[in-house]
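A short worksheet on the structure shown next.
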Amino acid sequence: MLYVALLIGIVLIVSTTKLTEAYKLSSNWELLGHIAAALVIIIVGKLEVSYINQIYGGNIELGYLTIPITLLFLVSFTNVMNIKKVQSSTLLLLSCISLICFSLSAYIIDISFVEIMGICASLIIILILIYGYFSGKMFAGRTLTNSIGFIIAVLSVSLIKMSIVMIYIPIFTLALPLTIYNFIQNKTTSGHSLASSSLIAILFGLLIFIAPSYILWYLIVGFTITLIIMQFSSKYRFI
């Protein structure tokens, strides 16, 4: 049912994004579409994060917070690529790197849904990039980025359900590289920005397969604290 729920969710994402753009509606309507798609995943797909497993053993049951937290994860990760309304399609390379990390991780821990969808989404993105290169259409609209973001969100929650440490993948192979790209793109060329952010995504992606879980958890906590501190400075604020 998760495959069906994902398909329904993508249709909702595409429909609400297209309608919002066509009728120039408030972005709140687009957000409602994201929430509706996320609820489909939770209710129809039966995908939810009902507990958080601690790296040193034991679980923290979420209870009544299960649906709100799962919803927060899904909506947040869906919007991780929506930094701009229109952006270069070459940035899809970062999402492709992230999806490959999802697939490899899923292969190791034997989650076929994530493995299959990660591979399929990666191949689609590669085809889009090839088409964009030869056609000269090198821009990705919100419909595409929302759809890819939604797929990444579902795959993220599927892995986070197994281990909270898996939140490392969308943060360090997509969110952080995207942030770095947008932070340095005005200081250098677009090509250099993409190369730098892609290299960071690859390096952090490799780290998940060689570093112990507690190291990854320290990185997650450290990044979160740094992110919060940066918001107090107008110079370094990016949210």
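For the structure tokens, the naming scheme is as follows: chains receive sequential letters (A, B, ...) according to their order of presentation, residues are indexed from 1 within each chain, and ligands are indexed from 1 in presentation order.
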Could you make a table, as CSV, of the residues of stretch 31-150 of chain A that have an atom within 12 Å of an atom of stretch 7-12 of chain A, each with its nearest atom pair and distance in Å to one decimal, counting only C-alpha atoms, in chain and number order?
```
residue,atom,partner,partner_atom,distance
A:Leu31,CA,A:Leu12,CA,11.0
A:Leu32,CA,A:Leu12,CA,9.9
A:Gly33,CA,A:Leu12,CA,6.2
A:His34,CA,A:Leu12,CA,7.7
A:Ile35,CA,A:Gly9,CA,9.6
A:Ala36,CA,A:Leu12,CA,7.5
A:Ala37,CA,A:Gly9,CA,4.2
A:Ala38,CA,A:Gly9,CA,7.0
A:Leu39,CA,A:Gly9,CA,8.6
A:Val40,CA,A:Gly9,CA,6.4
A:Ile41,CA,A:Gly9,CA,7.0
A:Ile42,CA,A:Gly9,CA,10.5
A:Ile43,CA,A:Gly9,CA,11.4
A:Val44,CA,A:Ile8,CA,9.5
A:Gly45,CA,A:Gly9,CA,10.0
A:Leu74,CA,A:Gly9,CA,11.1
A:Val75,CA,A:Gly9,CA,11.7
A:Thr78,CA,A:Ile10,CA,10.8
A:Met117,CA,A:Leu7,CA,11.3
A:Thr143,CA,A:Ile10,CA,9.7
A:Leu144,CA,A:Ile10,CA,10.1
A:Thr145,CA,A:Ile10,CA,11.3
A:Asn146,CA,A:Ile10,CA,8.7
A:Ser147,CA,A:Ile10,CA,5.9
A:Ile148,CA,A:Ile10,CA,8.9
A:Gly149,CA,A:Ile10,CA,10.0
A:Phe150,CA,A:Ile10,CA,7.2
```
**OP:** Using DSSP on the backbone, list every residue of stretch 7-147 of chain A that comes out as strand (DSSP E or B), and give them as a VMD selection string.
**Re:** chain A and resid 51 to 53 59 to 61 87 to 88 139 to 140
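Considering only C-alpha atoms, the residue among A:Val165, A:Val49, A:Leu71, A:Ala121 positioned nearest to A:Ser98 is A:Ala121.
From atom CA of A:Ile220 back to atom CA of A:Ile208, the distance works out to 11.7 Å.
Shortest atom-to-atom contact with A:Trp217 among A:Leu174, A:Ile167, A:Ile184, A:Ile100: A:Ile167, counting only C-alpha atoms.
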